[in-house]
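Data block for protein.txt (compact mmCIF, C-alpha atoms and all ligand atoms):
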```
# COMPACT_ATOMS: atom_id res chain seq x y z
CA MET A 1108 37.23 90.68 33.51
CA SER A 1109 40.64 89.11 33.04
CA ILE A 1110 43.89 90.71 34.18
CA ALA A 1111 44.78 91.54 30.57
CA GLU A 1112 41.38 93.16 30.03
CA ASN A 1113 41.65 95.19 33.22
CA LEU A 1114 45.07 96.43 32.15
CA ARG A 1115 43.83 97.34 28.71
CA SER A 1116 40.91 99.37 30.02
CA ILE A 1117 43.04 101.22 32.60
CA LYS A 1118 45.67 102.04 29.98
CA LYS A 1119 42.96 103.44 27.74
CA GLU A 1120 41.84 105.72 30.57
CA ILE A 1121 45.19 107.18 31.59
CA PRO A 1122 47.24 109.58 29.44
CA GLU A 1123 50.27 108.11 27.69
CA SER A 1124 52.55 110.39 29.66
CA VAL A 1125 51.50 108.71 32.91
CA THR A 1126 53.43 105.55 33.83
CA LEU A 1127 51.42 102.63 35.14
CA VAL A 1128 52.98 100.51 37.88
CA ALA A 1129 50.97 97.29 38.20
CA VAL A 1130 51.02 96.50 41.91
CA SER A 1131 51.38 92.73 42.14
CA LYS A 1132 52.04 92.34 45.89
CA THR A 1133 50.61 89.10 47.33
CA LYS A 1134 49.70 87.91 43.81
CA PRO A 1135 51.18 84.72 42.32
CA VAL A 1136 53.69 84.61 39.48
CA SER A 1137 50.97 83.17 37.21
CA ASP A 1138 48.95 86.40 37.54
CA ILE A 1139 52.00 88.54 36.86
CA LEU A 1140 52.83 86.43 33.81
CA GLU A 1141 49.37 87.04 32.45
CA ALA A 1142 49.97 90.78 32.68
CA TYR A 1143 53.48 90.37 31.26
CA HIS A 1144 52.29 88.40 28.25
CA SER A 1145 49.73 91.08 27.51
CA GLY A 1146 52.68 93.47 27.19
CA HIS A 1147 53.06 95.02 30.64
CA LYS A 1148 56.56 95.14 32.14
CA ILE A 1149 56.46 97.39 35.21
CA PHE A 1150 55.43 95.84 38.52
CA GLY A 1151 55.34 97.10 42.09
CA GLU A 1152 55.90 95.10 45.26
CA ASN A 1153 55.89 96.21 48.89
CA LYS A 1154 58.00 93.46 50.49
CA VAL A 1155 61.65 93.00 49.55
CA GLN A 1156 61.71 89.23 50.07
CA GLU A 1157 58.65 88.68 47.90
CA MET A 1158 60.01 90.92 45.15
CA VAL A 1159 63.36 89.09 45.15
CA GLN A 1160 61.63 85.72 44.79
CA LYS A 1161 59.51 86.94 41.90
CA TRP A 1162 62.52 88.56 40.23
CA GLU A 1163 64.39 85.25 40.39
CA GLU A 1164 61.54 83.34 38.80
CA MET A 1165 60.41 85.79 36.16
CA PRO A 1166 61.64 87.22 32.83
CA LYS A 1167 64.57 89.60 33.28
CA ASP A 1168 63.14 92.46 31.24
CA ILE A 1169 60.60 93.22 33.98
CA GLN A 1170 61.15 96.47 35.87
CA TRP A 1171 60.59 95.93 39.58
CA HIS A 1172 59.54 98.91 41.70
CA MET A 1173 59.72 98.80 45.50
CA ILE A 1174 56.68 100.76 46.66
CA GLY A 1175 56.56 99.78 50.34
CA HIS A 1176 58.35 100.85 53.47
CA VAL A 1177 61.97 99.64 53.26
CA GLN A 1178 64.05 98.43 56.19
CA ARG A 1179 67.70 99.29 55.82
CA ASN A 1180 68.91 95.74 56.35
CA LYS A 1181 66.86 94.54 53.35
CA VAL A 1182 68.29 96.94 50.77
CA LYS A 1183 71.17 94.60 49.91
CA TYR A 1184 68.81 91.92 48.60
CA MET A 1185 67.30 94.12 45.90
CA ALA A 1186 70.23 96.42 45.06
CA GLU A 1187 71.24 94.37 42.05
CA PHE A 1188 68.01 94.76 40.14
CA VAL A 1189 65.44 97.19 41.60
CA SER A 1190 64.38 99.84 39.04
CA LEU A 1191 62.90 102.44 41.37
CA ILE A 1192 62.51 102.70 45.14
CA HIS A 1193 59.41 104.81 45.89
CA GLY A 1194 59.42 104.87 49.66
CA VAL A 1195 62.64 106.59 50.75
CA ASP A 1196 61.90 108.30 54.03
CA SER A 1197 65.26 109.01 55.68
CA ILE A 1198 68.82 110.05 54.90
CA LYS A 1199 70.01 106.85 56.58
CA LEU A 1200 68.01 104.73 54.16
CA LEU A 1201 69.27 106.78 51.23
CA SER A 1202 72.88 106.27 52.39
CA GLU A 1203 72.35 102.53 52.67
CA ILE A 1204 70.86 102.38 49.16
CA ASP A 1205 73.88 104.31 47.92
CA LYS A 1206 76.27 101.91 49.63
CA GLN A 1207 74.58 98.80 48.23
CA ALA A 1208 74.24 100.30 44.74
CA LYS A 1209 77.98 100.98 44.72
CA LYS A 1210 78.68 97.27 45.27
CA HIS A 1211 76.84 96.55 42.04
CA ASN A 1212 78.43 99.45 40.26
CA ARG A 1213 75.09 101.08 39.53
CA VAL A 1214 72.97 104.10 40.35
CA ILE A 1215 69.59 103.33 41.92
CA PRO A 1216 66.73 105.71 41.11
CA CYS A 1217 64.75 106.77 44.19
CA LEU A 1218 61.68 108.79 45.11
CA LEU A 1219 61.31 110.62 48.40
CA GLN A 1220 58.12 109.68 50.20
CA VAL A 1221 56.18 112.67 51.46
CA HIS A 1222 53.69 112.53 54.25
CA ILE A 1223 50.60 114.16 52.73
CA ALA A 1224 47.75 112.34 54.45
CA GLU A 1225 45.91 114.49 56.96
CA GLU A 1226 45.63 111.34 59.08
CA ASP A 1227 49.03 110.75 60.65
CA THR A 1228 49.67 107.05 60.25
CA LYS A 1229 51.77 107.03 57.09
CA PHE A 1230 55.53 107.20 56.63
CA GLY A 1231 57.36 110.01 54.94
CA PHE A 1232 58.98 113.42 55.06
CA ASP A 1233 57.26 116.75 55.46
CA ALA A 1234 58.25 119.77 53.34
CA ASP A 1235 60.85 121.12 55.79
CA GLU A 1236 62.48 117.73 56.18
CA ILE A 1237 62.93 117.46 52.41
CA THR A 1238 64.67 120.83 52.37
CA ASP A 1239 66.91 119.68 55.21
CA LEU A 1240 67.68 116.45 53.38
CA ILE A 1241 68.79 117.97 50.11
CA HIS A 1242 71.02 120.44 51.93
CA HIS A 1243 72.48 117.77 54.19
CA PRO A 1244 76.27 117.38 53.73
CA GLU A 1245 75.78 113.60 53.62
CA TYR A 1246 73.28 113.86 50.74
CA LYS A 1247 75.78 115.67 48.53
CA LYS A 1248 78.25 112.81 48.86
CA LEU A 1249 75.89 110.15 47.53
CA GLN A 1250 77.02 109.17 44.03
CA ASN A 1251 75.07 105.94 43.55
CA ILE A 1252 71.53 107.12 44.10
CA SER A 1253 69.51 109.43 41.91
CA VAL A 1254 66.52 111.23 43.39
CA GLN A 1255 63.99 111.39 40.57
CA GLY A 1256 60.90 112.71 42.28
CA LEU A 1257 58.33 112.35 45.04
CA MET A 1258 55.82 109.74 46.14
CA GLY A 1259 52.79 110.13 48.36
CA MET A 1260 49.71 108.31 49.58
CA ALA A 1261 46.49 110.13 50.29
CA THR A 1262 44.28 109.42 53.27
CA PHE A 1263 42.16 106.30 52.86
CA THR A 1264 38.74 107.99 52.73
CA ASP A 1265 35.69 108.42 50.50
CA ASP A 1266 36.08 112.19 50.82
CA MET A 1267 37.53 112.90 47.38
CA GLU A 1268 37.90 116.60 48.12
CA GLN A 1269 40.27 115.76 50.93
CA VAL A 1270 42.18 113.37 48.67
CA ARG A 1271 42.40 116.07 45.99
CA ARG A 1272 43.71 118.58 48.52
CA GLU A 1273 46.42 116.17 49.62
CA PHE A 1274 47.52 115.41 46.04
CA ARG A 1275 47.53 119.13 45.25
CA THR A 1276 49.81 119.77 48.22
CA LEU A 1277 52.21 117.11 46.97
CA ASN A 1278 52.26 118.55 43.47
CA ARG A 1279 52.99 122.02 44.86
CA LEU A 1280 55.93 120.63 46.80
CA PHE A 1281 57.12 118.78 43.69
CA ARG A 1282 57.11 121.98 41.62
CA GLU A 1283 58.91 123.90 44.36
CA LEU A 1284 61.54 121.18 44.68
CA LYS A 1285 62.21 121.39 40.94
CA ASN A 1286 63.79 124.79 41.55
CA THR A 1287 66.53 123.08 43.57
CA LEU A 1288 66.56 119.68 41.84
CA PRO A 1289 65.71 120.40 38.20
CA GLN A 1290 66.24 116.74 37.23
CA ILE A 1291 63.18 115.48 39.11
CA ALA A 1292 60.40 114.31 36.80
CA ILE A 1293 58.40 111.65 38.64
CA LEU A 1294 55.39 112.37 40.80
CA SER A 1295 54.15 108.98 42.04
CA MET A 1296 50.61 109.34 43.36
CA GLY A 1297 47.32 107.53 42.81
CA MET A 1298 46.08 103.99 43.53
CA SER A 1299 42.99 102.02 42.46
CA GLY A 1300 40.59 104.19 44.43
CA ASP A 1301 42.00 107.61 43.60
CA TYR A 1302 44.15 107.54 40.47
CA THR A 1303 41.72 109.63 38.40
CA VAL A 1304 41.93 112.46 40.92
CA ALA A 1305 45.71 112.00 41.18
CA ILE A 1306 46.13 112.38 37.42
CA GLU A 1307 43.95 115.49 37.42
CA GLU A 1308 46.29 116.86 40.09
CA GLY A 1309 49.44 116.18 38.08
CA SER A 1310 50.52 112.62 38.80
CA THR A 1311 53.07 111.18 36.35
CA MET A 1312 53.07 107.66 37.82
CA VAL A 1313 50.16 105.67 39.25
CA ARG A 1314 50.44 102.50 41.35
CA ILE A 1315 47.42 100.29 40.70
CA GLY A 1316 46.86 96.88 42.24
CA SER A 1317 43.35 95.66 42.96
CA SER A 1318 41.76 97.22 39.85
CA ILE A 1319 44.12 95.05 37.77
CA PHE A 1320 44.60 91.87 39.78
CA GLY A 1321 41.45 91.85 41.91
CA LYS A 1322 41.07 92.13 45.66
CA ARG A 1323 43.85 90.99 47.97
CA ASN A 1324 43.25 88.92 51.06
CA TYR A 1325 45.83 90.85 53.03
CA LYS A 1326 47.92 93.99 52.57
C1 LIG B 1 49.10 98.30 47.75
C2 LIG B 1 49.64 99.62 47.31
C3 LIG B 1 49.15 100.24 46.15
C4 LIG B 1 48.03 99.68 45.30
O1 LIG B 1 46.82 99.68 45.98
P1 LIG B 1 45.43 99.34 45.24
O2 LIG B 1 44.43 100.04 46.07
O3 LIG B 1 45.30 97.87 45.25
O4 LIG B 1 45.53 99.88 43.85
C5 LIG B 1 49.73 101.45 45.78
N1 LIG B 1 50.71 102.02 46.51
C6 LIG B 1 51.21 101.44 47.61
C7 LIG B 1 52.30 102.13 48.35
C8 LIG B 1 50.68 100.23 48.07
O5 LIG B 1 51.19 99.68 49.17
```
The structure given in the file should be rewritten as structure tokens.
Ligand SMILES: *Cc1c(COP(=O)(O)O)cnc(C)c1O
Amino acid sequence: MSIAENLRSIKKEIPESVTLVAVSKTKPVSDILEAYHSGHKIFGENKVQEMVQKWEEMPKDIQWHMIGHVQRNKVKYMAEFVSLIHGVDSIKLLSEIDKQAKKHNRVIPCLLQVHIAEEDTKFGFDADEITDLIHHPEYKKLQNISVQGLMGMATFTDDMEQVRREFRTLNRLFRELKNTLPQIAILSMGMSGDYTVAIEEGSTMVRIGSSIFGKRNYK
């Protein structure tokens, strides 16, 4: 199937209330343009440099989401245009995003990445660290970031019950956090292999790459 056909069939499957981020990392501009011309405008990249290059070359009404791990010294390159940063995993990173956003006189929407995988190789906060963060004196000073929700990645496994458990944990944390941060509305969870389960467990935003663009040769 073509990229446009893949997109169409995925959009038919997911509820309208769930936002689809088409993960275009490693894929050429020509592939992204095919998706764009079929009407899709939200793309996710996991490397700042690659996202900046694509942003420069492509139509300016595309919303670029940074879904990967972000190094602090790279924030300045994307601060002008990034629509949502999914992978915020420290107060230091959040402060740097705030500082760079200020230079462009804008507020950058962010998600806090939560470590939900039972395997322990992924980045992110745990529940206690999120509580610490939002009560941190530094956090309260940040005027140019807006925390809009949480992001998580489940363990890479065929055991869908484990994946479900991990997504359920993230949703529980999301609902608890809403008591303190009532503005949060985005729960970013679900990829090609697990987005159906993620949506059943309350995802509001899925990040889908290979089911749209085909397999990648490298991550
Ligand atoms: C690559 C990536 C995705 C998409 O993965 P697929 O399995 O190709 O859908 C989603 N989220 C993050 C954080 C990624 O790095």
I need every residue sitting at most 7 Å from the point (48.0, 115.1, 50.6) (coordinates as in the file, all atoms listed in the file considered), written as a short mmCIF file (atom, residue, chain, number, x, y, z; two decimals) with C-alpha atoms, keeping the file's coordinate frame.
```cif
data_model
loop_
_atom_site.label_atom_id
_atom_site.label_comp_id
_atom_site.auth_asym_id
_atom_site.auth_seq_id
_atom_site.Cartn_x
_atom_site.Cartn_y
_atom_site.Cartn_z
CA ILE A 1223 50.60 114.16 52.73
CA ALA A 1224 47.75 112.34 54.45
CA GLU A 1225 45.91 114.49 56.96
CA ALA A 1261 46.49 110.13 50.29
CA VAL A 1270 42.18 113.37 48.67
CA ARG A 1272 43.71 118.58 48.52
CA GLU A 1273 46.42 116.17 49.62
CA PHE A 1274 47.52 115.41 46.04
CA ARG A 1275 47.53 119.13 45.25
CA THR A 1276 49.81 119.77 48.22
CA LEU A 1277 52.21 117.11 46.97
#
```
Margin query: Please determine, counting all atoms listed in the file, which residue among A:Glu1283, A:Glu1152, A:Glu1226, A:Glu1187 has the shortest atom-to-atom distance to ligand LIG 1 (chain B).
Written below: A:Glu1152
To check your reading of the model: which residues sit at most 6 Å from ligand LIG 1 (chain B) when counting all atoms listed in the file? Write the answer as a compact mmCIF listing (two decimals) with C-alpha atoms, in the coordinates of the input.
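Saved file result07.txt follows:
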```
# COMPACT_ATOMS: atom_id res chain seq x y z
CA VAL A 1130 51.02 96.50 41.91
CA ASN A 1153 55.89 96.21 48.89
CA ILE A 1174 56.68 100.76 46.66
CA GLY A 1175 56.56 99.78 50.34
CA MET A 1298 46.08 103.99 43.53
CA SER A 1299 42.99 102.02 42.46
CA GLY A 1300 40.59 104.19 44.43
CA ARG A 1314 50.44 102.50 41.35
CA ILE A 1315 47.42 100.29 40.70
CA GLY A 1316 46.86 96.88 42.24
CA SER A 1317 43.35 95.66 42.96
```
Name the residues in contact with range 1111-1120 of chain A at a cut-off of 7 Å, using all atoms listed in the file, excluding same-chain residues fewer than 5 positions from it; report them as a PDB file with C-alpha atoms, keeping the file's coordinate frame.
```
ATOM      1  CA  GLU A1141      49.370  87.040  32.450  1.00  0.00           C
ATOM      2  CA  ALA A1142      49.970  90.780  32.680  1.00  0.00           C
ATOM      3  CA  SER A1145      49.730  91.080  27.510  1.00  0.00           C
ATOM      4  CA  SER A1318      41.760  97.220  39.850  1.00  0.00           C
ATOM      5  CA  ILE A1319      44.120  95.050  37.770  1.00  0.00           C
TER       6      ILE A1319
END
```
Check: In Å, how far is it from CA of Met1258 in chain A to CA of Ser1295 in chain A?
Finding: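 Here the two named atoms are 4.5 Å from each other.
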